[in-house]
$ cat data38.txt   # compact mmCIF, C-alpha atoms
# COMPACT_ATOMS: atom_id res chain seq x y z
CA MET T 19 -12.74 -18.94 -1.90
CA THR T 20 -13.12 -15.89 0.35
CA GLY T 21 -16.06 -13.49 0.08
CA GLU T 22 -13.80 -10.92 -1.53
CA GLU T 23 -12.63 -13.44 -4.14
CA ARG T 24 -16.26 -14.31 -4.96
CA TRP T 25 -17.06 -10.60 -5.33
CA ARG T 26 -14.10 -10.07 -7.66
CA ALA T 27 -15.13 -13.08 -9.75
CA LEU T 28 -18.57 -11.52 -10.04
CA ILE T 29 -17.53 -7.99 -11.00
CA PHE T 30 -14.91 -9.14 -13.51
CA GLY T 31 -17.34 -11.51 -15.24
CA GLN T 32 -15.74 -14.79 -14.18
CA ALA T 33 -18.98 -15.79 -12.43
CA ARG T 34 -21.53 -16.65 -15.09
CA GLY T 35 -25.20 -17.47 -15.40
CA PRO T 36 -28.51 -15.62 -14.86
CA GLY T 37 -27.93 -15.24 -11.14
CA ALA T 38 -24.52 -13.62 -11.66
CA ALA T 39 -25.95 -11.29 -14.31
CA ALA T 40 -28.73 -10.20 -11.97
CA ALA T 41 -26.24 -9.64 -9.17
CA ARG T 42 -24.10 -7.45 -11.44
CA ALA T 43 -27.17 -5.39 -12.35
CA GLY T 44 -27.91 -4.87 -8.67
CA LEU T 45 -24.31 -3.86 -7.99
CA ALA T 46 -24.47 -1.40 -10.90
CA ALA T 47 -27.52 0.27 -9.33
CA LEU T 48 -25.70 0.58 -6.03
CA ALA T 49 -22.65 1.96 -7.84
CA GLY T 50 -24.85 4.71 -9.28
CA LEU T 51 -25.95 5.71 -5.79
CA TYR T 52 -22.39 5.57 -4.49
CA GLY T 53 -21.16 7.73 -7.38
CA GLY T 54 -23.85 10.32 -6.74
CA VAL T 55 -22.90 10.59 -3.06
CA MET T 56 -19.20 10.86 -3.84
CA SER T 57 -19.78 13.52 -6.49
CA ALA T 58 -21.93 15.59 -4.15
CA TYR T 59 -19.34 15.24 -1.39
CA ARG T 60 -16.54 16.36 -3.71
CA VAL T 61 -18.56 19.33 -5.02
CA ALA T 62 -19.15 20.46 -1.43
CA TYR T 63 -15.38 20.66 -0.93
CA ASP T 64 -14.70 22.26 -4.30
CA ARG T 65 -17.22 25.04 -3.58
CA GLY T 66 -16.04 25.63 -0.04
CA LEU T 67 -19.26 24.37 1.55
CA VAL T 68 -17.22 22.11 3.82
CA ARG T 69 -14.43 23.75 5.78
CA THR T 70 -10.93 22.38 5.24
CA VAL T 71 -8.05 22.49 7.71
CA THR T 72 -4.45 23.47 7.05
CA ALA T 73 -1.66 21.71 8.93
CA GLY T 74 1.37 23.56 10.25
CA CYS T 75 3.63 21.48 8.00
CA ARG T 76 3.87 20.09 4.48
CA VAL T 77 1.31 17.35 3.82
CA ILE T 78 2.03 14.60 1.28
CA SER T 79 -0.68 12.07 0.53
CA VAL T 80 -0.19 8.59 -0.93
CA GLY T 81 -3.40 7.08 -2.28
CA ASN T 82 -5.15 5.42 -5.16
CA LEU T 83 -8.33 5.43 -7.23
CA THR T 84 -9.29 1.87 -6.39
CA VAL T 85 -9.73 -0.41 -3.42
CA GLY T 86 -7.16 -3.11 -2.97
CA GLY T 87 -3.42 -3.15 -2.69
CA THR T 88 -1.25 -1.02 -4.95
CA GLY T 89 1.73 -0.80 -2.59
CA LYS T 90 0.82 2.38 -0.74
CA SER T 91 2.63 1.42 2.47
CA THR T 92 5.81 0.59 0.56
CA THR T 93 5.65 4.02 -1.08
CA VAL T 94 4.91 5.74 2.23
CA ARG T 95 7.98 4.04 3.70
CA TRP T 96 10.14 5.21 0.78
CA LEU T 97 8.89 8.81 1.05
CA ALA T 98 9.26 9.02 4.82
CA ALA T 99 12.76 7.51 4.71
CA ARG T 100 13.81 9.93 1.97
CA LEU T 101 12.67 12.95 3.97
CA ARG T 102 14.14 11.65 7.23
CA ASP T 103 17.51 10.84 5.64
CA ARG T 104 17.68 14.38 4.24
CA GLY T 105 17.19 15.91 7.66
CA VAL T 106 13.50 16.78 7.34
CA PRO T 107 11.54 15.98 10.52
CA VAL T 108 8.67 13.84 9.23
CA ALA T 109 5.79 11.78 10.60
CA VAL T 110 3.59 9.10 9.04
CA LEU T 111 -0.16 9.40 9.54
CA SER T 112 -2.39 6.37 8.99
CA TYR T 113 -6.11 5.77 9.35
CA GLY T 114 -5.33 2.58 11.25
CA TYR T 115 -7.56 -0.01 9.58
CA ARG T 116 -8.55 -2.81 11.96
CA ALA T 117 -6.83 -0.91 14.77
CA GLY T 118 -7.87 -1.70 18.32
CA SER T 119 -7.58 1.89 19.53
CA ASP T 120 -10.68 4.09 19.84
CA GLU T 121 -8.68 7.22 20.68
CA PRO T 122 -8.87 10.20 18.27
CA VAL T 123 -5.06 10.02 17.92
CA THR T 124 -2.79 7.14 18.93
CA VAL T 125 1.00 7.42 18.78
CA VAL T 126 2.24 4.07 17.48
CA SER T 127 5.88 5.18 17.53
CA ASP T 128 7.53 8.33 18.87
CA GLY T 129 10.45 7.77 16.51
CA HIS T 130 12.50 6.06 19.22
CA ARG T 131 10.23 3.29 20.48
CA VAL T 132 7.24 1.37 19.18
CA LEU T 133 4.65 2.06 21.86
CA VAL T 134 1.68 -0.19 21.06
CA PRO T 135 1.20 -3.72 19.68
CA ALA T 136 -0.20 -4.51 16.24
CA SER T 137 -3.56 -5.37 17.81
CA VAL T 138 -3.86 -1.70 18.81
CA SER T 139 -2.15 0.01 15.88
CA GLY T 140 -3.20 -2.19 12.97
CA ASP T 141 -0.75 -4.12 10.80
CA GLU T 142 0.55 -1.47 8.38
CA PRO T 143 1.23 1.26 10.99
CA ARG T 144 3.10 -1.26 13.14
CA MET T 145 5.18 -2.38 10.14
CA LEU T 146 6.01 1.24 9.27
CA ALA T 147 6.87 2.05 12.88
CA GLU T 148 9.39 -0.81 13.03
CA ALA T 149 10.90 -0.01 9.64
CA LEU T 150 11.29 3.75 10.18
CA PRO T 151 13.30 4.63 13.30
CA GLY T 152 13.39 8.38 13.74
CA VAL T 153 9.92 8.78 12.21
CA PRO T 154 6.87 9.11 14.48
CA VAL T 155 3.87 7.08 13.33
CA LEU T 156 0.37 8.13 14.38
CA ILE T 157 -3.07 6.69 13.66
CA GLY T 158 -6.50 8.27 13.74
CA LYS T 159 -9.56 8.53 11.56
CA ARG T 160 -9.40 12.35 11.45
CA ARG T 161 -6.05 13.05 9.90
CA GLN T 162 -6.22 16.78 10.71
CA LEU T 163 -6.04 15.85 14.40
CA SER T 164 -3.14 13.47 13.80
CA ALA T 165 -1.27 16.16 11.83
CA ALA T 166 -1.77 18.71 14.61
CA ALA T 167 -0.48 16.23 17.18
CA ALA T 168 2.57 15.42 15.04
CA VAL T 169 3.45 19.10 14.70
CA GLN T 170 2.84 20.00 18.33
CA ARG T 171 4.43 16.95 19.94
CA PHE T 172 7.25 16.12 17.53
CA GLY T 173 7.90 19.39 15.67
CA VAL T 174 7.66 17.76 12.24
CA ARG T 175 7.98 19.75 9.02
CA ALA T 176 6.22 17.16 6.87
CA CYS T 177 3.54 14.51 7.27
CA VAL T 178 3.12 11.58 4.90
CA LEU T 179 -0.48 10.33 4.81
CA ASP T 180 -1.15 6.67 3.99
CA ASP T 181 -4.26 6.11 1.82
CA ALA T 182 -5.57 9.68 1.70
CA PHE T 183 -6.44 10.60 -1.89
CA GLN T 184 -10.11 10.55 -0.88
CA TYR T 185 -9.47 12.37 2.41
CA TRP T 186 -10.24 16.02 1.73
CA ARG T 187 -10.69 17.63 5.14
CA LEU T 188 -6.95 18.23 5.48
CA VAL T 189 -5.37 20.45 2.83
CA LYS T 190 -2.62 18.54 1.01
CA ASP T 191 0.44 20.02 -0.66
CA LEU T 192 1.12 16.95 -2.79
CA ASP T 193 -1.22 14.17 -3.88
CA LEU T 194 0.66 11.11 -5.10
CA VAL T 195 -1.56 8.42 -6.66
CA LEU T 196 -0.58 4.81 -7.32
CA LEU T 197 -2.14 2.91 -10.22
CA ASP T 198 -1.71 -0.84 -10.59
CA ALA T 199 -0.81 -1.08 -14.28
CA LEU T 200 -2.47 -4.51 -14.51
CA CYS T 201 -5.84 -3.06 -13.44
CA PRO T 202 -5.45 0.72 -13.28
CA PHE T 203 -9.11 1.70 -13.35
CA GLY T 204 -10.78 -1.08 -11.41
CA GLY T 205 -12.59 -2.72 -14.30
CA GLY T 206 -14.17 0.58 -15.33
CA HIS T 207 -16.89 0.64 -12.67
CA LEU T 208 -17.39 2.35 -9.31
CA LEU T 209 -17.87 0.41 -6.11
CA PRO T 210 -19.46 -2.05 -5.60
CA ARG T 211 -19.83 -2.92 -9.31
CA GLY T 212 -16.07 -2.40 -9.77
CA LEU T 213 -13.03 -1.41 -7.76
CA LEU T 214 -13.11 2.35 -8.34
CA ARG T 215 -13.48 4.67 -5.36
CA GLU T 216 -13.78 7.62 -7.74
CA ALA T 217 -14.19 8.16 -11.45
CA PRO T 218 -10.87 8.17 -13.39
CA ARG T 219 -11.35 11.86 -14.28
CA GLN T 220 -10.63 12.69 -10.62
CA LEU T 221 -7.03 11.75 -11.31
CA ARG T 222 -6.70 15.38 -12.44
CA ARG T 223 -6.20 16.28 -8.76
CA ALA T 224 -2.97 14.28 -8.61
CA HIS T 225 0.41 16.02 -8.60
CA ALA T 226 2.24 12.75 -9.28
CA VAL T 227 1.22 9.31 -10.52
CA VAL T 228 3.23 6.13 -10.04
CA LEU T 229 2.39 3.15 -12.23
CA THR T 230 3.17 -0.02 -10.31
CA GLN T 231 3.69 -3.38 -12.01
CA ALA T 232 4.17 -1.64 -15.37
CA HIS T 233 7.14 -3.92 -16.06
CA ARG T 234 4.64 -6.75 -16.48
CA LEU T 235 3.11 -5.05 -19.53
CA SER T 236 4.42 -5.03 -23.06
CA GLU T 237 6.06 -1.80 -24.22
CA ARG T 238 3.04 -1.09 -26.39
CA GLU T 239 0.67 -1.55 -23.44
CA ARG T 240 2.84 0.63 -21.22
CA ALA T 241 2.90 3.41 -23.81
CA ALA T 242 -0.89 3.27 -24.15
CA LEU T 243 -1.36 3.45 -20.37
CA ARG T 244 1.07 6.35 -20.04
CA GLN T 245 -0.84 8.21 -22.76
CA GLN T 246 -4.15 7.56 -21.02
CA VAL T 247 -2.81 8.86 -17.71
CA ARG T 248 -1.35 11.92 -19.42
CA ARG T 249 -4.79 12.75 -20.84
CA LEU T 250 -6.36 12.52 -17.38
CA THR T 251 -3.69 14.54 -15.56
CA PRO T 252 -1.40 16.31 -18.06
CA GLY T 253 0.58 18.30 -15.49
CA ALA T 254 1.46 15.49 -13.10
CA VAL T 255 4.85 13.86 -12.68
CA LEU T 256 4.61 10.33 -14.06
CA ALA T 257 6.80 7.51 -12.78
CA GLU T 258 6.94 3.72 -13.01
CA ALA T 259 7.98 1.49 -10.13
CA ARG T 260 7.89 -2.09 -8.95
CA HIS T 261 7.83 -3.66 -5.50
CA ALA T 262 11.08 -5.57 -5.70
CA PRO T 263 11.62 -8.62 -3.45
CA ARG T 264 14.56 -8.55 -1.07
CA PRO T 265 16.16 -11.50 0.80
CA LEU T 266 13.90 -13.75 2.84
CA ARG T 267 14.24 -13.47 6.60
CA PRO T 268 13.09 -15.79 9.39
CA ILE T 269 10.03 -14.80 11.37
CA GLY T 270 10.85 -13.03 14.62
CA GLN T 271 13.75 -10.89 13.41
CA GLY T 272 11.57 -7.80 13.08
CA VAL T 273 11.01 -5.57 10.07
CA GLN T 274 14.19 -4.49 8.30
CA VAL T 275 15.14 -0.89 9.06
CA PHE T 276 14.68 1.06 5.85
CA ARG T 277 17.17 3.57 4.49
CA CYS T 278 16.77 5.56 1.29
CA THR T 279 19.90 6.74 -0.50
CA GLY T 280 18.33 8.13 -3.64
CA VAL T 281 17.86 7.18 -7.24
CA GLN T 282 20.62 6.42 -9.67
CA ALA T 283 19.95 5.30 -13.25
CA GLY T 284 16.26 5.14 -12.42
CA ARG T 285 16.70 2.91 -9.38
CA PRO T 286 17.60 3.46 -5.72
CA GLU T 287 21.35 3.12 -5.25
CA HIS T 288 20.97 0.68 -2.39
CA LEU T 289 19.04 -1.67 -4.69
CA ASN T 290 21.63 -1.65 -7.51
CA THR T 291 23.48 -4.69 -6.21
CA ARG T 292 22.16 -8.13 -7.04
CA THR T 293 18.96 -9.20 -8.72
CA PRO T 294 16.18 -10.73 -6.58
CA GLU T 295 16.75 -14.07 -8.31
CA HIS T 296 20.24 -14.21 -6.79
CA LEU T 297 19.01 -13.06 -3.40
CA ASN T 298 16.36 -15.75 -2.92
CA THR T 299 17.83 -18.94 -4.35
CA GLU T 300 16.25 -20.95 -1.53
CA LEU T 301 12.89 -20.51 -3.28
CA HIS T 302 14.00 -21.98 -6.61
CA GLY T 303 12.03 -25.10 -7.45
CA ARG T 304 10.44 -25.37 -4.00
CA ARG T 305 6.79 -25.54 -3.07
CA VAL T 306 5.76 -22.87 -0.55
CA LEU T 307 2.53 -21.87 1.11
CA ALA T 308 1.94 -18.14 0.50
CA LEU T 309 0.17 -16.79 3.59
CA SER T 310 -1.27 -13.30 3.22
CA SER T 311 -4.08 -10.94 4.20
CA LEU T 312 -3.75 -8.36 1.43
CA GLY T 313 -5.92 -6.28 -0.83
CA ASN T 314 -4.01 -7.75 -3.78
CA PRO T 315 -2.69 -11.22 -2.85
CA GLU T 316 -2.00 -12.01 -6.51
CA GLY T 317 0.89 -9.53 -6.55
CA PHE T 318 2.58 -11.25 -3.59
CA GLU T 319 2.08 -14.65 -5.14
CA ARG T 320 3.41 -13.49 -8.52
CA SER T 321 6.58 -12.31 -6.78
CA LEU T 322 7.13 -15.77 -5.31
CA VAL T 323 6.50 -17.44 -8.66
CA GLY T 324 8.96 -15.01 -10.24
CA LEU T 325 11.55 -16.18 -7.73
CA GLY T 326 11.09 -19.78 -8.86
CA ALA T 327 8.66 -21.04 -6.21
CA GLU T 328 5.62 -23.25 -6.70
CA VAL T 329 2.91 -21.43 -4.77
CA VAL T 330 0.06 -22.84 -2.69
CA PRO T 331 -2.13 -19.80 -1.88
CA ALA T 332 -3.45 -19.18 1.64
CA ARG T 333 -5.48 -15.97 1.37
CA TYR T 334 -7.29 -14.12 4.12
CA PRO T 335 -9.25 -10.82 3.96
CA ASP T 336 -7.20 -7.62 3.97
CA HIS T 337 -5.88 -6.68 7.45
CA HIS T 338 -7.13 -9.99 8.89
CA PRO T 339 -6.02 -10.62 12.51
CA TYR T 340 -4.79 -14.22 12.55
CA ARG T 341 -6.09 -16.49 15.27
CA PRO T 342 -3.82 -19.23 16.71
CA GLU T 343 -6.06 -21.97 15.33
CA GLU T 344 -5.84 -20.45 11.84
CA LEU T 345 -2.05 -20.45 11.98
CA ARG T 346 -2.03 -24.06 13.18
CA ARG T 347 -4.37 -25.01 10.35
CA GLU T 348 -2.16 -23.36 7.73
CA ALA T 349 0.93 -25.07 9.14
CA GLU T 350 -0.81 -28.44 8.87
CA ARG T 351 -1.96 -27.58 5.37
CA ALA T 352 1.62 -26.72 4.39
CA ARG T 353 2.85 -30.07 5.74
CA ALA T 354 0.12 -31.99 3.92
CA ALA T 355 0.89 -30.19 0.63
CA GLY T 356 4.60 -30.96 0.90
CA CYS T 357 5.63 -27.33 1.25
CA ALA T 358 9.22 -26.62 2.21
CA MET T 359 8.17 -23.49 4.07
CA ILE T 360 5.47 -20.89 4.59
CA VAL T 361 6.22 -17.42 3.21
CA THR T 362 4.35 -14.32 4.33
CA THR T 363 4.58 -10.54 3.96
CA GLU T 364 6.08 -7.91 6.26
CA LYS T 365 2.59 -6.57 6.91
CA ASP T 366 1.39 -10.02 7.97
CA ALA T 367 4.52 -10.84 9.96
CA VAL T 368 3.86 -8.19 12.62
CA LYS T 369 0.64 -10.06 13.49
CA ILE T 370 2.29 -13.49 13.62
CA GLU T 371 5.74 -13.11 15.17
CA ARG T 372 4.70 -13.86 18.75
CA GLY T 373 2.19 -16.56 17.80
CA TRP T 374 4.23 -18.90 15.60
CA GLU T 375 4.83 -22.24 17.26
CA SER T 376 4.95 -24.70 14.35
CA THR T 377 7.99 -26.64 13.24
CA VAL T 378 7.20 -25.64 9.64
CA PRO T 379 9.68 -22.87 8.70
CA LEU T 380 8.06 -19.47 8.33
CA ARG T 381 9.86 -16.84 6.25
CA VAL T 382 9.07 -13.22 5.48
CA LEU T 383 9.49 -11.72 1.99
CA PRO T 384 10.37 -8.02 2.27
CA VAL T 385 9.83 -5.70 -0.70
CA GLU T 386 11.15 -2.25 -1.52
CA LEU T 387 10.13 0.39 -4.03
CA GLU T 388 12.31 0.29 -7.12
CA PHE T 389 11.86 2.81 -9.92
CA ASP T 390 12.01 1.89 -13.58
CA ALA T 391 11.28 5.43 -14.83
CA GLY T 392 10.54 8.87 -13.43
CA GLY T 393 12.14 8.35 -10.03
CA GLU T 394 14.41 11.39 -10.31
CA ALA T 395 11.50 13.64 -11.27
CA LEU T 396 9.45 12.43 -8.30
CA GLU T 397 12.35 12.97 -5.91
CA ALA T 398 12.85 16.49 -7.28
CA LEU T 399 9.16 17.26 -6.76
CA VAL T 400 9.27 16.12 -3.13
CA ASP T 401 12.57 17.91 -2.45
CA ALA T 402 11.28 21.16 -3.93
CA LEU T 403 8.16 20.98 -1.80
CA VAL T 404 9.99 20.70 1.51
CA SER T 405 12.71 23.16 0.42
CA GLU T 406 10.09 25.86 -0.24
CA GLN T 407 9.04 25.55 3.37
CA GLY T 408 12.53 26.47 4.48
$ encode --input "data38.txt" --output "structure tokens"
Amino acid sequence: MTGEERWRALIFGQARGPGAAAARAGLAALAGLYGGVMSAYRVAYDRGLVRTVTAGCRVISVGNLTVGGTGKSTTVRWLAARLRDRGVPVAVLSYGYRAGSDEPVTVVSDGHRVLVPASVSGDEPRMLAEALPGVPVLIGKRRQLSAAAAVQRFGVRACVLDDAFQYWRLVKDLDLVLLDALCPFGGGHLLPRGLLREAPRQLRRAHAVVLTQAHRLSERERAALRQQVRRLTPGAVLAEARHAPRPLRPIGQGVQVFRCTGVQAGRPEHLNTRTPEHLNTELHGRRVLALSSLGNPEGFERSLVGLGAEVVPARYPDHHPYRPEELRREAERARAAGCAMIVTTEKDAVKIERGWESTVPLRVLPVELEFDAGGEALEALVDALVSEQG
């Protein structure tokens, strides 16, 4: 069990006993301090005590209320592809977690070529750079500098920010927030007692909310969650989406180039072909080792189970840079467990492709954003935003 898994077991009450109770009390005290700092920081922005910066383009943020994976990069990819395919010059701006670059701004892709390896860019920016030809991808901790560079160097009319709901220095035209419907409010506690970065009431800043994994709830549970979100942010566009698996691909083929052709009957047209079950028959009834370094590895593993696989988890901390000995160990573990293959994510694949030497087959499971409800309204909101700019 990783340190993060032990922490989650603690905050969600799975760890029991006097020691666990004392630890939760200590985490609650720290959460109170964290909440006070965050509230003061937010008030400073609301009252104009901290100067904000306006970019020379439209700024669309994709973020969440909690730590952990909600599919932000998949949504960023969908948004950037939609704008690009409608003729809007667009760039993706990422913080660059676990990036090897110390520069204020690093251009990962100029829209024509990927310029730096994953060890410099970080895993998600590299994945986005490969999947989005025609879209510059930049990383930097100060997104106002990245936005200025994107406008000046590439003449973009829109920037899509990955993981920026809590980034307030740059004025945003649209805040899109993802909520994992299976744990939308992080257990009800702020960090480190729970998963919340901010109190749920801060959702009122959102212009749009996308509930991911809502299809895993009953209709009654979905209706209750929609009502709760409506109370928190009554004016926001509300949509529901899932991260739908696409066909497996061998390692080394690169990330699939992503095209967005719009929403029809609540789902992107290019996804209205065959169901994932028909696309990944090679997983049916087979044992696979699920190798991932994600904020929410359970979602990846559930997708594999849904495709008929028996899953042996191999979890690493989010954004973990795999070492050769770790990959060799997981390959041996897969052999010993009788696994037919190892399956990993697109985000993980960009860190493995040049280091895979085992005879155990390694496959990549791509996913794409697929709307169950509200997709047309979200598209209209984005289109209106960039159209107003002229």
$ atom_distance --input "data38.txt" --atom1 "CA of Gly81 in chain T" --atom2 "CA of Gln184 in chain T"
7.7 Å
$ closest_atom_pairs --input "data38.txt" --of "range 58-137 of chain T" --to "range 222-226 of chain T" --cutoff "12 Å" --atoms "all atoms listed in the file" --output "tab-separated table"
residue	atom	partner	partner_atom	distance
T:Arg60	CA	T:Arg223	CA	11.5
T:Asp64	CA	T:Arg223	CA	11.3
T:Ile78	CA	T:His225	CA	10.1
T:Ser79	CA	T:Ala224	CA	9.7
T:Val80	CA	T:Ala226	CA	9.6
T:Gly81	CA	T:Ala224	CA	9.6
T:Asn82	CA	T:Ala224	CA	9.8
T:Leu83	CA	T:Ala224	CA	10.4
$ residues_around --input "data38.txt" --residues "Gly303 in chain T" --least-positions-apart "6" --cutoff "12 Å" --atoms "all atoms listed in the file" --output "mmCIF file with C-alpha atoms, keeping the file's coordinate frame"
data_model
loop_
_atom_site.group_PDB
_atom_site.id
_atom_site.type_symbol
_atom_site.label_atom_id
_atom_site.label_comp_id
_atom_site.auth_asym_id
_atom_site.auth_seq_id
_atom_site.Cartn_x
_atom_site.Cartn_y
_atom_site.Cartn_z
ATOM 1 C CA LEU T 322 7.130 -15.770 -5.310
ATOM 2 C CA VAL T 323 6.500 -17.440 -8.660
ATOM 3 C CA GLY T 324 8.960 -15.010 -10.240
ATOM 4 C CA LEU T 325 11.550 -16.180 -7.730
ATOM 5 C CA GLY T 326 11.090 -19.780 -8.860
ATOM 6 C CA ALA T 327 8.660 -21.040 -6.210
ATOM 7 C CA GLU T 328 5.620 -23.250 -6.700
ATOM 8 C CA VAL T 329 2.910 -21.430 -4.770
ATOM 9 C CA CYS T 357 5.630 -27.330 1.250
ATOM 10 C CA ALA T 358 9.220 -26.620 2.210
#
$ residues_around --input "data38.txt" --residues "Gly105 in chain T" --least-positions-apart "4" --cutoff "12 Å" --atoms "all atoms listed in the file" --output "list of chain:residue names"
T:Ala98, T:Ala99, T:Arg100, T:Leu101, T:Gly152, T:Val153, T:Val174, T:Arg175, T:Ala176, T:Asp401, T:Val404, T:Ser405, T:Gly408
$ residues_near_point --input "data38.txt" --point "(11.4, 6.0, 17.6)" --cutoff "7 Å" --atoms "all atoms listed in the file" --output "compact mmCIF listing (two decimals) with C-alpha atoms, in the frame of the given file"
# COMPACT_ATOMS: atom_id res chain seq x y z
CA SER T 127 5.88 5.18 17.53
CA ASP T 128 7.53 8.33 18.87
CA GLY T 129 10.45 7.77 16.51
CA HIS T 130 12.50 6.06 19.22
CA ARG T 131 10.23 3.29 20.48
CA VAL T 132 7.24 1.37 19.18
CA PRO T 151 13.30 4.63 13.30
CA GLY T 152 13.39 8.38 13.74
CA VAL T 153 9.92 8.78 12.21
CA PRO T 154 6.87 9.11 14.48
$ residues_near_point --input "data38.txt" --point "(10.0, 17.0, -8.3)" --cutoff "9 Å" --atoms "only C-alpha atoms" --output "short mmCIF file (atom, residue, chain, number, x, y, z; two decimals) with C-alpha atoms, in the frame of the given file"
data_model
loop_
_atom_site.label_atom_id
_atom_site.label_comp_id
_atom_site.auth_asym_id
_atom_site.auth_seq_id
_atom_site.Cartn_x
_atom_site.Cartn_y
_atom_site.Cartn_z
CA ALA T 226 2.24 12.75 -9.28
CA VAL T 255 4.85 13.86 -12.68
CA GLU T 394 14.41 11.39 -10.31
CA ALA T 395 11.50 13.64 -11.27
CA LEU T 396 9.45 12.43 -8.30
CA GLU T 397 12.35 12.97 -5.91
CA ALA T 398 12.85 16.49 -7.28
CA LEU T 399 9.16 17.26 -6.76
CA VAL T 400 9.27 16.12 -3.13
CA ASP T 401 12.57 17.91 -2.45
CA ALA T 402 11.28 21.16 -3.93
CA LEU T 403 8.16 20.98 -1.80
#
$ residues_around --input "data38.txt" --residues "Leu345 in chain T" --least-positions-apart "3" --cutoff "10 Å" --atoms "only C-alpha atoms" --output "PyMOL selection string"
chain T and resi 309+340-342+348-351+370+373-376
$ residues_around --input "data38.txt" --residues "Ala49 in chain T" --least-positions-apart "3" --cutoff "9 Å" --atoms "all atoms listed in the file" --output "number ranges by chain"
T: 44-46, 52-54, 207-212
$ write_last_selection --input "data38.txt" --atoms "C-alpha atoms" --output "compact mmCIF listing (two decimals), keeping the file's coordinate frame"
# COMPACT_ATOMS: atom_id res chain seq x y z
CA GLY T 44 -27.91 -4.87 -8.67
CA LEU T 45 -24.31 -3.86 -7.99
CA ALA T 46 -24.47 -1.40 -10.90
CA TYR T 52 -22.39 5.57 -4.49
CA GLY T 53 -21.16 7.73 -7.38
CA GLY T 54 -23.85 10.32 -6.74
CA HIS T 207 -16.89 0.64 -12.67
CA LEU T 208 -17.39 2.35 -9.31
CA LEU T 209 -17.87 0.41 -6.11
CA PRO T 210 -19.46 -2.05 -5.60
CA ARG T 211 -19.83 -2.92 -9.31
CA GLY T 212 -16.07 -2.40 -9.77
$ closest_residue --input "data38.txt" --among "T:Ala259, T:Leu235, T:Ala352, T:Val368" --to "Glu142 in chain T" --atoms "only C-alpha atoms"
T:Val368
$ closest_atom_pairs --input "data38.txt" --of "range 328-350 of chain T" --to "range 21-31 of chain T" --cutoff "12 Å" --atoms "only C-alpha atoms" --output "tab-separated table"
residue	atom	partner	partner_atom	distance
T:Arg333	CA	T:Glu23	CA	9.4
T:Tyr334	CA	T:Glu22	CA	9.2
T:Pro335	CA	T:Glu22	CA	7.1
T:Asp336	CA	T:Glu22	CA	9.2
$ closest_residue --input "data38.txt" --among "T:Leu307, T:Leu179, T:Ala38, T:Ala217" --to "Gly205 in chain T" --atoms "all atoms listed in the file"
T:Ala217
